[in-house]
>>> print(open('coords05.cif').read())   # mmCIF, C-alpha atoms
data_my_file
loop_
_atom_site.label_atom_id
_atom_site.label_comp_id
_atom_site.auth_asym_id
_atom_site.auth_seq_id
_atom_site.Cartn_x
_atom_site.Cartn_y
_atom_site.Cartn_z
CA MET A 1 12.49 9.92 -6.10
CA SER A 2 10.54 12.83 -7.55
CA CYS A 3 8.22 12.71 -10.53
CA LYS A 4 7.21 15.42 -12.98
CA LEU A 5 3.69 14.20 -13.68
CA GLY A 6 1.60 15.57 -16.50
CA VAL A 7 -2.19 15.42 -16.16
CA LEU A 8 -3.75 15.68 -19.63
CA LEU A 9 -7.30 17.03 -19.29
CA LEU A 10 -9.63 15.91 -22.06
CA PRO A 11 -12.64 18.09 -22.95
CA GLY A 12 -15.53 17.26 -20.63
CA PHE A 13 -13.24 15.58 -18.08
CA SER A 14 -14.66 14.48 -14.74
CA MET A 15 -13.85 16.89 -11.90
CA LEU A 16 -14.38 14.09 -9.38
CA SER A 17 -11.86 11.89 -11.15
CA TYR A 18 -9.38 14.75 -11.45
CA ALA A 19 -9.65 15.76 -7.79
CA SER A 20 -9.45 12.13 -6.64
CA LEU A 21 -6.24 11.72 -8.61
CA VAL A 22 -4.38 14.87 -7.60
CA GLU A 23 -5.46 15.33 -3.97
CA PRO A 24 -3.53 12.33 -2.56
CA LEU A 25 -0.43 13.52 -4.42
CA ARG A 26 -0.81 17.01 -2.95
CA VAL A 27 -1.19 15.51 0.53
CA CYS A 28 1.91 13.36 -0.07
CA ASN A 29 3.96 16.47 -0.91
CA GLU A 30 2.62 18.20 2.20
CA LEU A 31 3.40 15.27 4.49
CA LEU A 32 6.98 15.09 3.23
CA ASP A 33 7.33 18.89 3.01
CA GLU A 34 8.82 18.23 -0.41
CA ARG A 35 7.45 18.24 -3.97
CA LYS A 36 7.83 14.57 -4.76
CA TYR A 37 5.06 14.95 -7.33
CA ARG A 38 5.34 18.04 -9.53
CA LEU A 39 1.97 18.20 -11.24
CA VAL A 40 1.62 19.87 -14.64
CA ARG A 41 -1.87 20.35 -16.09
CA LEU A 42 -1.91 19.92 -19.86
CA GLY A 43 -4.51 20.57 -22.53
CA ALA A 44 -4.97 21.18 -26.22
CA GLU A 45 -6.45 24.58 -25.36
CA PRO A 46 -5.41 27.17 -22.71
CA VAL A 47 -8.64 26.42 -20.82
CA VAL A 48 -10.31 23.01 -20.65
CA THR A 49 -13.92 22.74 -19.48
CA SER A 50 -15.03 19.83 -17.32
CA GLY A 51 -18.22 17.89 -17.85
CA ASP A 52 -20.04 20.03 -15.28
CA GLY A 53 -18.89 23.29 -16.83
CA VAL A 54 -15.89 24.18 -14.65
CA ALA A 55 -13.21 25.96 -16.71
CA VAL A 56 -9.68 24.92 -15.71
CA SER A 57 -6.59 26.74 -16.94
CA VAL A 58 -3.74 24.47 -18.02
CA ASP A 59 -0.13 25.00 -17.02
CA ARG A 60 1.24 24.10 -20.44
CA SER A 61 -0.08 23.54 -23.92
CA LEU A 62 0.72 20.24 -25.62
CA ALA A 63 3.25 22.03 -27.80
CA HIS A 64 5.31 22.89 -24.69
CA ALA A 65 4.92 19.69 -22.68
CA ALA A 66 8.45 18.31 -22.93
CA GLY A 67 10.39 16.94 -19.98
CA LEU A 68 7.65 14.91 -18.30
CA ASP A 69 8.48 11.72 -16.40
CA ALA A 70 4.95 10.33 -16.56
CA LEU A 71 1.47 11.19 -17.77
CA VAL A 72 -2.11 10.50 -16.73
CA VAL A 73 -4.90 11.15 -19.20
CA CYS A 74 -8.01 12.31 -17.34
CA GLY A 75 -11.29 11.87 -19.21
CA SER A 76 -15.00 11.79 -18.53
CA VAL A 77 -17.34 9.05 -17.35
CA GLY A 78 -19.85 9.74 -20.11
CA LEU A 79 -19.86 9.34 -23.88
CA TYR A 80 -16.48 9.13 -25.55
CA LYS A 81 -15.43 11.24 -28.52
CA THR A 82 -11.96 10.85 -29.95
CA PRO A 83 -10.00 14.02 -29.04
CA LEU A 84 -7.99 14.48 -32.22
CA LEU A 85 -5.28 16.91 -31.09
CA GLU A 86 -4.66 14.99 -27.86
CA LYS A 87 -4.61 11.70 -29.76
CA GLU A 88 -2.00 12.97 -32.22
CA TRP A 89 0.21 14.32 -29.44
CA LEU A 90 -0.08 11.20 -27.29
CA SER A 91 0.70 8.85 -30.18
CA THR A 92 3.96 10.75 -30.68
CA HIS A 93 5.02 11.32 -27.07
CA GLY A 94 3.30 8.64 -24.98
CA LYS A 95 5.78 5.81 -25.49
CA GLY A 96 8.75 7.79 -24.22
CA LEU A 97 7.43 8.12 -20.67
CA SER A 98 8.43 6.01 -17.68
CA TRP A 99 4.77 5.24 -17.03
CA LEU A 100 1.43 6.18 -18.50
CA GLY A 101 -2.03 6.26 -16.95
CA GLY A 102 -5.62 6.65 -18.03
CA VAL A 103 -8.54 7.71 -15.82
CA ALA A 104 -12.15 7.08 -16.92
CA ASN A 105 -12.37 7.71 -20.69
CA GLY A 106 -8.73 8.71 -20.62
CA ALA A 107 -8.04 4.97 -20.57
CA ALA A 108 -10.19 4.61 -23.70
CA LEU A 109 -7.78 6.92 -25.51
CA LEU A 110 -4.88 4.63 -24.54
CA LEU A 111 -6.95 1.71 -25.85
CA GLU A 112 -7.64 3.50 -29.13
CA LEU A 113 -3.93 4.11 -29.63
CA GLY A 114 -3.07 0.44 -29.03
CA LEU A 115 -1.12 1.22 -25.85
CA LEU A 116 -3.09 -1.34 -23.82
CA ARG A 117 -2.30 -4.26 -26.09
CA GLY A 118 -1.43 -7.29 -23.98
CA LYS A 119 -1.97 -5.32 -20.74
CA LYS A 120 -4.34 -5.81 -17.85
CA ALA A 121 -6.67 -2.79 -17.76
CA SER A 122 -9.66 -1.35 -15.91
CA LEU A 123 -11.75 0.84 -18.19
CA GLN A 124 -15.11 1.62 -19.70
CA ILE A 125 -15.17 0.40 -23.30
CA PRO A 126 -16.76 2.60 -25.98
CA ASP A 127 -18.79 0.45 -28.39
CA ALA A 128 -16.55 1.48 -31.28
CA PHE A 129 -13.52 -0.06 -29.54
CA SER A 130 -14.88 -3.50 -28.68
CA ALA A 131 -12.50 -5.09 -31.20
CA GLN A 132 -9.43 -3.30 -29.75
CA ALA A 133 -10.51 -4.32 -26.25
CA GLN A 134 -9.99 -7.97 -27.14
CA ALA A 135 -6.27 -7.25 -27.38
CA CYS A 136 -6.02 -6.38 -23.66
CA PHE A 137 -7.00 -8.21 -20.47
CA LEU A 138 -10.04 -6.48 -19.01
CA SER A 139 -10.16 -6.40 -15.21
CA GLN A 140 -13.14 -5.95 -12.94
CA ASP A 141 -10.89 -4.16 -10.41
CA VAL A 142 -11.47 -0.43 -9.97
CA PHE A 143 -7.89 0.17 -11.09
CA SER A 144 -5.14 -1.91 -12.66
CA VAL A 145 -1.36 -1.67 -12.88
CA ASP A 146 0.51 -3.67 -15.50
CA ALA A 147 4.19 -2.82 -15.91
CA ASN A 148 4.22 0.90 -16.79
CA ILE A 149 0.50 1.19 -17.64
CA TRP A 150 -1.99 2.40 -15.01
CA THR A 151 -5.73 2.51 -15.67
CA CYS A 152 -8.85 3.11 -13.60
CA ARG A 153 -12.58 3.43 -14.15
CA GLY A 154 -12.81 7.00 -12.90
CA GLY A 155 -14.55 8.69 -9.98
CA THR A 156 -13.07 7.87 -6.58
CA ALA A 157 -11.26 4.88 -8.09
CA ALA A 158 -8.65 7.45 -9.08
CA LEU A 159 -8.03 8.10 -5.37
CA ASP A 160 -7.33 4.40 -4.78
CA MET A 161 -4.97 4.37 -7.73
CA ALA A 162 -3.13 7.49 -6.53
CA LEU A 163 -2.68 6.06 -3.02
CA PHE A 164 -1.34 2.84 -4.51
CA MET A 165 1.01 4.95 -6.62
CA ILE A 166 2.35 6.66 -3.49
CA GLY A 167 2.82 3.30 -1.77
CA ARG A 168 4.65 1.89 -4.78
CA HIS A 169 7.00 4.86 -5.11
CA HIS A 170 7.48 6.00 -1.50
CA GLY A 171 6.38 3.16 0.78
CA VAL A 172 3.15 1.85 2.25
CA GLU A 173 3.56 3.86 5.45
CA LEU A 174 3.40 7.17 3.59
CA ALA A 175 0.38 5.98 1.59
CA GLU A 176 -1.35 5.08 4.86
CA MET A 177 -0.57 8.52 6.28
CA ALA A 178 -1.98 10.22 3.19
CA SER A 179 -5.10 8.06 3.36
CA GLN A 180 -5.60 8.87 7.04
CA ALA A 181 -5.17 12.60 6.39
CA ILE A 182 -7.78 12.54 3.63
CA MET A 183 -10.19 10.48 5.73
CA ARG A 184 -9.84 12.85 8.69
CA GLU A 185 -10.67 15.81 6.46
CA ARG A 186 -13.71 13.97 5.09
CA LEU A 187 -15.02 13.17 8.56
CA GLY A 188 -14.36 16.71 9.78
CA GLY A 189 -12.19 15.97 12.76
CA ALA A 190 -9.51 13.85 14.34
CA LYS A 191 -10.06 10.14 14.07
CA THR A 192 -10.08 7.77 17.01
CA THR A 193 -6.56 6.94 18.11
CA GLY A 194 -7.03 3.78 20.16
CA ARG A 195 -5.83 0.56 18.56
CA LYS A 196 -7.60 -2.71 19.00
CA ARG A 197 -5.70 -5.34 20.98
CA PRO A 198 -5.85 -9.07 20.26
CA ASP A 199 -8.69 -10.50 22.37
CA LEU A 200 -9.04 -14.01 23.80
CA VAL A 201 -10.48 -15.32 20.54
CA ALA A 202 -7.56 -13.94 18.55
CA LYS A 203 -5.07 -15.35 21.05
CA ARG A 204 -6.69 -18.77 20.77
CA GLU A 205 -7.27 -18.87 17.01
CA ALA A 206 -4.40 -16.76 15.67
CA PRO A 207 -1.23 -17.10 17.77
CA ALA A 208 0.80 -15.84 14.80
CA LEU A 209 -1.04 -12.53 15.05
CA CYS A 210 -0.10 -12.15 18.70
CA ASP A 211 3.51 -13.01 17.85
CA ALA A 212 3.46 -10.34 15.14
CA VAL A 213 2.21 -7.70 17.59
CA GLN A 214 4.90 -8.74 20.05
CA LEU A 215 7.57 -8.37 17.36
CA MET A 216 6.31 -4.88 16.61
CA GLU A 217 6.35 -3.87 20.26
CA ASN A 218 9.90 -5.22 20.65
CA ASN A 219 11.26 -3.44 17.56
CA ILE A 220 10.40 0.24 17.91
CA GLU A 221 13.66 2.05 17.16
CA GLU A 222 14.41 0.03 14.04
CA PRO A 223 11.02 -1.02 12.66
CA LEU A 224 10.68 -4.25 10.73
CA THR A 225 8.95 -4.38 7.37
CA THR A 226 5.75 -6.36 6.94
CA ASP A 227 7.72 -8.85 4.84
CA ASP A 228 10.32 -9.21 7.63
CA ILE A 229 7.60 -10.01 10.16
CA ALA A 230 5.90 -12.52 7.89
CA LYS A 231 9.22 -14.23 7.15
CA HIS A 232 10.05 -14.43 10.85
CA LEU A 233 6.68 -16.05 11.55
CA GLU A 234 7.06 -18.38 8.54
CA ILE A 235 3.80 -17.28 6.94
CA SER A 236 3.11 -15.28 3.79
CA ARG A 237 2.60 -11.53 3.79
CA ARG A 238 -0.95 -12.07 2.54
CA GLN A 239 -1.71 -14.44 5.43
CA LEU A 240 -0.40 -11.86 7.89
CA GLU A 241 -2.49 -9.08 6.34
CA ARG A 242 -5.60 -11.27 6.50
CA LEU A 243 -5.05 -11.91 10.22
CA PHE A 244 -4.75 -8.19 10.96
CA LYS A 245 -7.84 -7.42 8.92
CA ARG A 246 -9.93 -10.17 10.52
CA TYR A 247 -9.03 -9.72 14.16
CA LEU A 248 -7.78 -6.12 14.45
CA ASP A 249 -9.58 -4.39 11.56
CA SER A 250 -6.29 -2.92 10.39
CA VAL A 251 -3.26 -3.61 8.23
CA PRO A 252 0.19 -4.42 9.67
CA SER A 253 1.85 -1.17 8.58
CA ARG A 254 -0.87 1.04 10.05
CA TYR A 255 -1.01 -0.96 13.29
CA TYR A 256 2.79 -0.82 13.66
CA LEU A 257 2.73 2.94 13.15
CA GLN A 258 0.19 3.29 15.96
CA ILE A 259 2.37 1.23 18.30
CA ARG A 260 5.36 3.44 17.60
CA LEU A 261 3.38 6.64 18.08
CA GLU A 262 1.90 5.38 21.35
CA LYS A 263 5.45 4.77 22.57
CA ALA A 264 6.43 8.27 21.41
CA ARG A 265 3.51 9.76 23.31
CA ASP A 266 4.54 7.98 26.49
CA MET A 267 8.08 9.31 26.10
CA LEU A 268 6.86 12.85 25.44
CA CYS A 269 4.90 12.81 28.68
CA SER A 270 7.36 10.98 30.90
CA SER A 271 10.89 11.77 29.70
CA ALA A 272 13.13 14.78 29.21
CA LEU A 273 14.35 13.62 25.79
CA SER A 274 14.11 16.11 22.96
CA ILE A 275 11.40 15.67 20.33
CA THR A 276 14.06 14.82 17.75
CA GLU A 277 15.51 12.12 20.03
CA ILE A 278 12.06 10.66 20.64
CA GLY A 279 11.39 10.58 16.91
CA LEU A 280 14.62 8.67 16.27
CA LYS A 281 13.94 6.26 19.16
CA THR A 282 10.56 5.41 17.67
CA GLY A 283 11.85 4.72 14.19
CA PHE A 284 11.31 7.99 12.31
CA SER A 285 14.07 9.13 9.99
CA SER A 286 13.38 12.84 10.43
CA GLY A 287 11.71 15.22 12.83
CA ALA A 288 9.34 16.41 10.11
CA HIS A 289 8.18 12.87 9.36
CA PHE A 290 7.63 12.19 13.07
CA SER A 291 5.74 15.43 13.61
CA THR A 292 3.46 14.85 10.62
CA ALA A 293 2.65 11.25 11.60
CA TYR A 294 1.98 12.30 15.18
CA ARG A 295 -0.35 15.11 14.11
CA ASN A 296 -2.24 12.79 11.77
CA LEU A 297 -2.96 10.35 14.60
CA TYR A 298 -3.47 12.64 17.60
CA GLY A 299 -4.52 15.92 16.02
CA LEU A 300 -1.62 17.95 17.44
CA THR A 301 2.14 18.08 17.02
CA PRO A 302 4.62 16.54 19.49
CA SER A 303 5.61 20.03 20.72
CA GLU A 304 1.95 20.90 21.32
CA GLU A 305 1.45 17.60 23.13
CA ARG A 306 4.40 18.32 25.42
CA ALA A 307 3.20 21.87 26.06
CA GLY A 308 -0.21 20.50 27.02
CA GLN A 309 -2.15 22.69 24.58
CA PRO A 310 -3.63 22.32 21.08
#
>>> encode(input="coords05.cif", output="C-alpha cells")
Amino acid sequence: MSCKLGVLLLPGFSMLSYASLVEPLRVCNELLDERKYRLVRLGAEPVVTSGDGVAVSVDRSLAHAAGLDALVVCGSVGLYKTPLLEKEWLSTHGKGLSWLGGVANGAALLLELGLLRGKKASLQIPDAFSAQAQACFLSQDVFSVDANIWTCRGGTAALDMALFMIGRHHGVELAEMASQAIMRERLGGAKTTGRKRPDLVAKREAPALCDAVQLMENNIEEPLTTDDIAKHLEISRRQLERLFKRYLDSVPSRYYLQIRLEKARDMLCSSALSITEIGLKTGFSSGAHFSTAYRNLYGLTPSEERAGQP
C-alpha cells in the first residue's frame, strides 16, 4: 500500500514537529527502497515560514492539491490564529480523504472545523475553542488515533505518531526498523547488538516468557506473529509484551528480529549458502529487506560481513 500524503504547513509551523513527522516516513521509504509515502508539502503561499523563521517552499498550492490520499495539518506550538485560506480549503476538501491528521495547532484547526466531534484527540486547546472541545474526547496521550482522525500535541510526539502510522500500515517490524535507524543516527553510531537472555529470575517467575523465546528460536524460516505466539501460550498479547518489557527490556517483534539476524550471521560465517538463501531461511521476504535489517543491527551489510570488511 502506498499513500500520497499531503503535509499542510500553517504559517509559523513548528520545524521540530514537521521534521519529527516526515523523517520516519523518509526512513521507511529508504528501508523498503520504495516510495510507500509520497509526501507533498502544501501551503496557501508558495513559501511558508516556520515559527523560527525558516522559509520552506511548498510543492503545491492549495488550488492544485487534488489527488491526495491523506493529509496532516502541521501547525505551531504557540498562539493560535485561524488561518483563513487554509480553513476554507480544508472545510471543502478534508472530508474526502481516507484519513486526516493534525499536529500541534494543526489539530486545533480540525477542532475549529468540527472534524473532531465525537473523536478521541490529543491537542492543545485555544481558549476560544473551549466550547468546541467539549464535543470531543480529550486524551492525555501524546498522540491519538480514532478511526480516520490522527492528532498529536506536536514536537517529538509527531515522531511517535509517524512510527505508529508505519506500524499500522506496513507492520510493526518495519516500524521497529525505522525507529532503530533513527535512534542509531541520534546516538552517532551502531547500537549494541547483543540481546538479553532470560535469567534465572525470569525462568522462575515467567515460564511463559521462556516458552515464547523457545517458540521464536524454533520458528526462524517462517516467523510467527506476536499474536500467534500469545495464542499458543494462552495469554494475551498485552501480557506477552509486558513480560518482554519487564524481563528482557524489549518488545516481542524486536527480540524476534534479533534472533533471526543472529541465526543469519551464524549462517553467513559458517555456510556456503548465498545471501539470498540465508535471507529466505531466516524469514525475510526479499534480499533488500534482509540486507537493510542486517545493516541496521550490525552496522554492515551481509555481503560486507561475509567479506570480513566494513
>>> residues_around(input="coords05.cif", residues="segment 139-147 of chain A", least_positions_apart="5", cutoff="7 Å", atoms="only C-alpha atoms", output="PDB file with C-alpha atoms, in the coordinates of the input")
ATOM      1  CA  LYS A 119      -1.970  -5.320 -20.740  1.00  0.00           C
ATOM      2  CA  LYS A 120      -4.340  -5.810 -17.850  1.00  0.00           C
ATOM      3  CA  ALA A 121      -6.670  -2.790 -17.760  1.00  0.00           C
ATOM      4  CA  SER A 122      -9.660  -1.350 -15.910  1.00  0.00           C
ATOM      5  CA  CYS A 152      -8.850   3.110 -13.600  1.00  0.00           C
ATOM      6  CA  ARG A 153     -12.580   3.430 -14.150  1.00  0.00           C
ATOM      7  CA  ALA A 157     -11.260   4.880  -8.090  1.00  0.00           C
ATOM      8  CA  MET A 161      -4.970   4.370  -7.730  1.00  0.00           C
TER       9      MET A 161
END
>>> atom_distance(input="coords05.cif", atom1="atom CA of Val58 of chain A", atom2="atom CA of Gly43 of chain A")
6.0 Å
>>> closest_residue(input="coords05.cif", among="A:Cys269, A:Leu257, A:Ile166, A:Leu9", to="Leu32 of chain A", atoms="only C-alpha atoms")
A:Ile166
>>> residues_around(input="coords05.cif", residues="Asn219 of chain A", least_positions_apart="6", cutoff="12 Å", atoms="only C-alpha atoms", output="PyMOL selection string")
chain A and resi 212-213+225+228-229+256-257+259-260+263+281-283
>>> atom_distance(input="coords05.cif", atom1="atom CA of Pro198 of chain A", atom2="atom CA of Leu297 of chain A")
20.4 Å
>>> residues_around(input="coords05.cif", residues="Ser57 of chain A", least_positions_apart="5", cutoff="7 Å", atoms="all atoms listed in the file", output="list in words")
Pro46, Val47 and Val48 of chain A
>>> atom_distance(input="coords05.cif", atom1="atom CA of Gly167 of chain A", atom2="atom CA of Asp33 of chain A")
16.9 Å
>>> resolve_selection(input="coords05.cif", expression="the PyMOL selection byres ((chain A and resi 284-295) around 12)", output="PDB file with C-alpha atoms, in the frame of the given file")
ATOM      1  CA  VAL A  27      -1.190  15.510   0.530  1.00  0.00           C
ATOM      2  CA  CYS A  28       1.910  13.360  -0.070  1.00  0.00           C
ATOM      3  CA  ASN A  29       3.960  16.470  -0.910  1.00  0.00           C
ATOM      4  CA  GLU A  30       2.620  18.200   2.200  1.00  0.00           C
ATOM      5  CA  LEU A  31       3.400  15.270   4.490  1.00  0.00           C
ATOM      6  CA  LEU A  32       6.980  15.090   3.230  1.00  0.00           C
ATOM      7  CA  ASP A  33       7.330  18.890   3.010  1.00  0.00           C
ATOM      8  CA  GLU A  34       8.820  18.230  -0.410  1.00  0.00           C
ATOM      9  CA  GLU A 173       3.560   3.860   5.450  1.00  0.00           C
ATOM     10  CA  LEU A 174       3.400   7.170   3.590  1.00  0.00           C
ATOM     11  CA  ALA A 175       0.380   5.980   1.590  1.00  0.00           C
ATOM     12  CA  GLU A 176      -1.350   5.080   4.860  1.00  0.00           C
ATOM     13  CA  MET A 177      -0.570   8.520   6.280  1.00  0.00           C
ATOM     14  CA  ALA A 178      -1.980  10.220   3.190  1.00  0.00           C
ATOM     15  CA  SER A 179      -5.100   8.060   3.360  1.00  0.00           C
ATOM     16  CA  GLN A 180      -5.600   8.870   7.040  1.00  0.00           C
ATOM     17  CA  ALA A 181      -5.170  12.600   6.390  1.00  0.00           C
ATOM     18  CA  ARG A 184      -9.840  12.850   8.690  1.00  0.00           C
ATOM     19  CA  GLY A 189     -12.190  15.970  12.760  1.00  0.00           C
ATOM     20  CA  ALA A 190      -9.510  13.850  14.340  1.00  0.00           C
ATOM     21  CA  LYS A 191     -10.060  10.140  14.070  1.00  0.00           C
ATOM     22  CA  THR A 193      -6.560   6.940  18.110  1.00  0.00           C
ATOM     23  CA  ILE A 220      10.400   0.240  17.910  1.00  0.00           C
ATOM     24  CA  GLU A 221      13.660   2.050  17.160  1.00  0.00           C
ATOM     25  CA  GLU A 222      14.410   0.030  14.040  1.00  0.00           C
ATOM     26  CA  PRO A 223      11.020  -1.020  12.660  1.00  0.00           C
ATOM     27  CA  ARG A 254      -0.870   1.040  10.050  1.00  0.00           C
ATOM     28  CA  LEU A 257       2.730   2.940  13.150  1.00  0.00           C
ATOM     29  CA  GLN A 258       0.190   3.290  15.960  1.00  0.00           C
ATOM     30  CA  ILE A 259       2.370   1.230  18.300  1.00  0.00           C
ATOM     31  CA  ARG A 260       5.360   3.440  17.600  1.00  0.00           C
ATOM     32  CA  LEU A 261       3.380   6.640  18.080  1.00  0.00           C
ATOM     33  CA  GLU A 262       1.900   5.380  21.350  1.00  0.00           C
ATOM     34  CA  LYS A 263       5.450   4.770  22.570  1.00  0.00           C
ATOM     35  CA  ALA A 264       6.430   8.270  21.410  1.00  0.00           C
ATOM     36  CA  ARG A 265       3.510   9.760  23.310  1.00  0.00           C
ATOM     37  CA  LEU A 268       6.860  12.850  25.440  1.00  0.00           C
ATOM     38  CA  SER A 274      14.110  16.110  22.960  1.00  0.00           C
ATOM     39  CA  ILE A 275      11.400  15.670  20.330  1.00  0.00           C
ATOM     40  CA  THR A 276      14.060  14.820  17.750  1.00  0.00           C
ATOM     41  CA  GLU A 277      15.510  12.120  20.030  1.00  0.00           C
ATOM     42  CA  ILE A 278      12.060  10.660  20.640  1.00  0.00           C
ATOM     43  CA  GLY A 279      11.390  10.580  16.910  1.00  0.00           C
ATOM     44  CA  LEU A 280      14.620   8.670  16.270  1.00  0.00           C
ATOM     45  CA  LYS A 281      13.940   6.260  19.160  1.00  0.00           C
ATOM     46  CA  THR A 282      10.560   5.410  17.670  1.00  0.00           C
ATOM     47  CA  GLY A 283      11.850   4.720  14.190  1.00  0.00           C
ATOM     48  CA  ASN A 296      -2.240  12.790  11.770  1.00  0.00           C
ATOM     49  CA  LEU A 297      -2.960  10.350  14.600  1.00  0.00           C
ATOM     50  CA  TYR A 298      -3.470  12.640  17.600  1.00  0.00           C
ATOM     51  CA  GLY A 299      -4.520  15.920  16.020  1.00  0.00           C
ATOM     52  CA  LEU A 300      -1.620  17.950  17.440  1.00  0.00           C
ATOM     53  CA  THR A 301       2.140  18.080  17.020  1.00  0.00           C
ATOM     54  CA  PRO A 302       4.620  16.540  19.490  1.00  0.00           C
ATOM     55  CA  SER A 303       5.610  20.030  20.720  1.00  0.00           C
ATOM     56  CA  GLU A 304       1.950  20.900  21.320  1.00  0.00           C
ATOM     57  CA  GLU A 305       1.450  17.600  23.130  1.00  0.00           C
ATOM     58  CA  PRO A 310      -3.630  22.320  21.080  1.00  0.00           C
TER      59      PRO A 310
END
>>> resolve_selection(input="coords05.cif", expression="the PyMOL selection byres ((chain A and resi 118) around 9)", output="list in words")
Leu115, Leu116, Arg117, Lys119, Lys120, Ala135, Cys136 and Phe137 of chain A
>>> resolve_selection(input="coords05.cif", expression="the PyMOL selection byres ((chain A and resi 75-91) around 7)", output="PyMOL selection string")
chain A and resi 9-10+12-14+44+51+73-74+92-94+103-106+113+126+154
>>> residues_around(input="coords05.cif", residues="Val251 of chain A", least_positions_apart="3", cutoff="10 Å", atoms="only C-alpha atoms", output="short mmCIF file (atom, residue, chain, number, x, y, z; two decimals) with C-alpha atoms, in the coordinates of the input")
data_model
loop_
_atom_site.label_atom_id
_atom_site.label_comp_id
_atom_site.auth_asym_id
_atom_site.auth_seq_id
_atom_site.Cartn_x
_atom_site.Cartn_y
_atom_site.Cartn_z
CA GLU A 176 -1.35 5.08 4.86
CA THR A 226 5.75 -6.36 6.94
CA LEU A 240 -0.40 -11.86 7.89
CA GLU A 241 -2.49 -9.08 6.34
CA ARG A 242 -5.60 -11.27 6.50
CA LEU A 243 -5.05 -11.91 10.22
CA PHE A 244 -4.75 -8.19 10.96
CA LYS A 245 -7.84 -7.42 8.92
CA ARG A 246 -9.93 -10.17 10.52
CA LEU A 248 -7.78 -6.12 14.45
CA ARG A 254 -0.87 1.04 10.05
CA TYR A 255 -1.01 -0.96 13.29
CA TYR A 256 2.79 -0.82 13.66
#
>>> closest_residue(input="coords05.cif", among="A:Asp199, A:Asp69, A:Glu112, A:Asp249", to="Ser98 of chain A", atoms="only C-alpha atoms")
A:Asp69
>>> closest_residue(input="coords05.cif", among="A:Thr151, A:Met165, A:Asp211, A:Leu68", to="Ala108 of chain A", atoms="all atoms listed in the file")
A:Thr151
>>> closest_residue(input="coords05.cif", among="A:Ile235, A:Val56, A:Leu100, A:Leu224", to="Ala206 of chain A", atoms="only C-alpha atoms")
A:Ile235
>>> residues_around(input="coords05.cif", residues="Tyr37 of chain A", least_positions_apart="6", cutoff="7 Å", atoms="all atoms listed in the file", output="list in words")
Ser2, Cys3, Lys4, Leu5, Leu25 and Asn29 of chain A
>>> build_atoms(input="coords05.cif", residues="segment 279-290 of chain A", atoms="N, CA, C and O atoms", output="PDB file, keeping the file's coordinate frame")
ATOM      1  N   GLY A 279      11.695  11.013  18.266  1.00  0.00           N
ATOM      2  CA  GLY A 279      11.390  10.580  16.910  1.00  0.00           C
ATOM      3  C   GLY A 279      12.343   9.488  16.441  1.00  0.00           C
ATOM      4  O   GLY A 279      11.919   8.475  15.875  1.00  0.00           O
ATOM      5  N   LEU A 280      13.626   9.676  16.683  1.00  0.00           N
ATOM      6  CA  LEU A 280      14.620   8.670  16.270  1.00  0.00           C
ATOM      7  C   LEU A 280      14.440   7.374  17.042  1.00  0.00           C
ATOM      8  O   LEU A 280      14.579   6.283  16.475  1.00  0.00           O
ATOM      9  N   LYS A 281      14.107   7.461  18.328  1.00  0.00           N
ATOM     10  CA  LYS A 281      13.940   6.260  19.160  1.00  0.00           C
ATOM     11  C   LYS A 281      12.666   5.493  18.823  1.00  0.00           C
ATOM     12  O   LYS A 281      12.493   4.346  19.262  1.00  0.00           O
ATOM     13  N   THR A 282      11.782   6.117  18.085  1.00  0.00           N
ATOM     14  CA  THR A 282      10.560   5.410  17.670  1.00  0.00           C
ATOM     15  C   THR A 282      10.530   5.151  16.170  1.00  0.00           C
ATOM     16  O   THR A 282       9.472   4.909  15.593  1.00  0.00           O
ATOM     17  N   GLY A 283      11.716   5.206  15.546  1.00  0.00           N
ATOM     18  CA  GLY A 283      11.850   4.720  14.190  1.00  0.00           C
ATOM     19  C   GLY A 283      11.576   5.686  13.071  1.00  0.00           C
ATOM     20  O   GLY A 283      11.397   5.273  11.918  1.00  0.00           O
ATOM     21  N   PHE A 284      11.560   7.001  13.364  1.00  0.00           N
ATOM     22  CA  PHE A 284      11.310   7.990  12.310  1.00  0.00           C
ATOM     23  C   PHE A 284      12.634   8.590  11.857  1.00  0.00           C
ATOM     24  O   PHE A 284      13.480   8.958  12.676  1.00  0.00           O
ATOM     25  N   SER A 285      12.786   8.696  10.541  1.00  0.00           N
ATOM     26  CA  SER A 285      14.070   9.130   9.990  1.00  0.00           C
ATOM     27  C   SER A 285      14.294  10.623  10.092  1.00  0.00           C
ATOM     28  O   SER A 285      15.419  11.091   9.957  1.00  0.00           O
ATOM     29  N   SER A 286      13.226  11.391  10.324  1.00  0.00           N
ATOM     30  CA  SER A 286      13.380  12.840  10.430  1.00  0.00           C
ATOM     31  C   SER A 286      12.337  13.394  11.390  1.00  0.00           C
ATOM     32  O   SER A 286      11.283  12.789  11.609  1.00  0.00           O
ATOM     33  N   GLY A 287      12.658  14.572  11.934  1.00  0.00           N
ATOM     34  CA  GLY A 287      11.710  15.220  12.830  1.00  0.00           C
ATOM     35  C   GLY A 287      10.427  15.612  12.129  1.00  0.00           C
ATOM     36  O   GLY A 287       9.337  15.528  12.717  1.00  0.00           O
ATOM     37  N   ALA A 288      10.532  16.013  10.862  1.00  0.00           N
ATOM     38  CA  ALA A 288       9.340  16.410  10.110  1.00  0.00           C
ATOM     39  C   ALA A 288       8.407  15.226   9.895  1.00  0.00           C
ATOM     40  O   ALA A 288       7.182  15.342  10.030  1.00  0.00           O
ATOM     41  N   HIS A 289       8.987  14.090   9.565  1.00  0.00           N
ATOM     42  CA  HIS A 289       8.180  12.870   9.360  1.00  0.00           C
ATOM     43  C   HIS A 289       7.483  12.477  10.657  1.00  0.00           C
ATOM     44  O   HIS A 289       6.282  12.158  10.664  1.00  0.00           O
ATOM     45  N   PHE A 290       8.208  12.517  11.761  1.00  0.00           N
ATOM     46  CA  PHE A 290       7.630  12.190  13.070  1.00  0.00           C
ATOM     47  C   PHE A 290       6.511  13.144  13.418  1.00  0.00           C
ATOM     48  O   PHE A 290       5.409  12.728  13.826  1.00  0.00           O
TER      49      PHE A 290
END
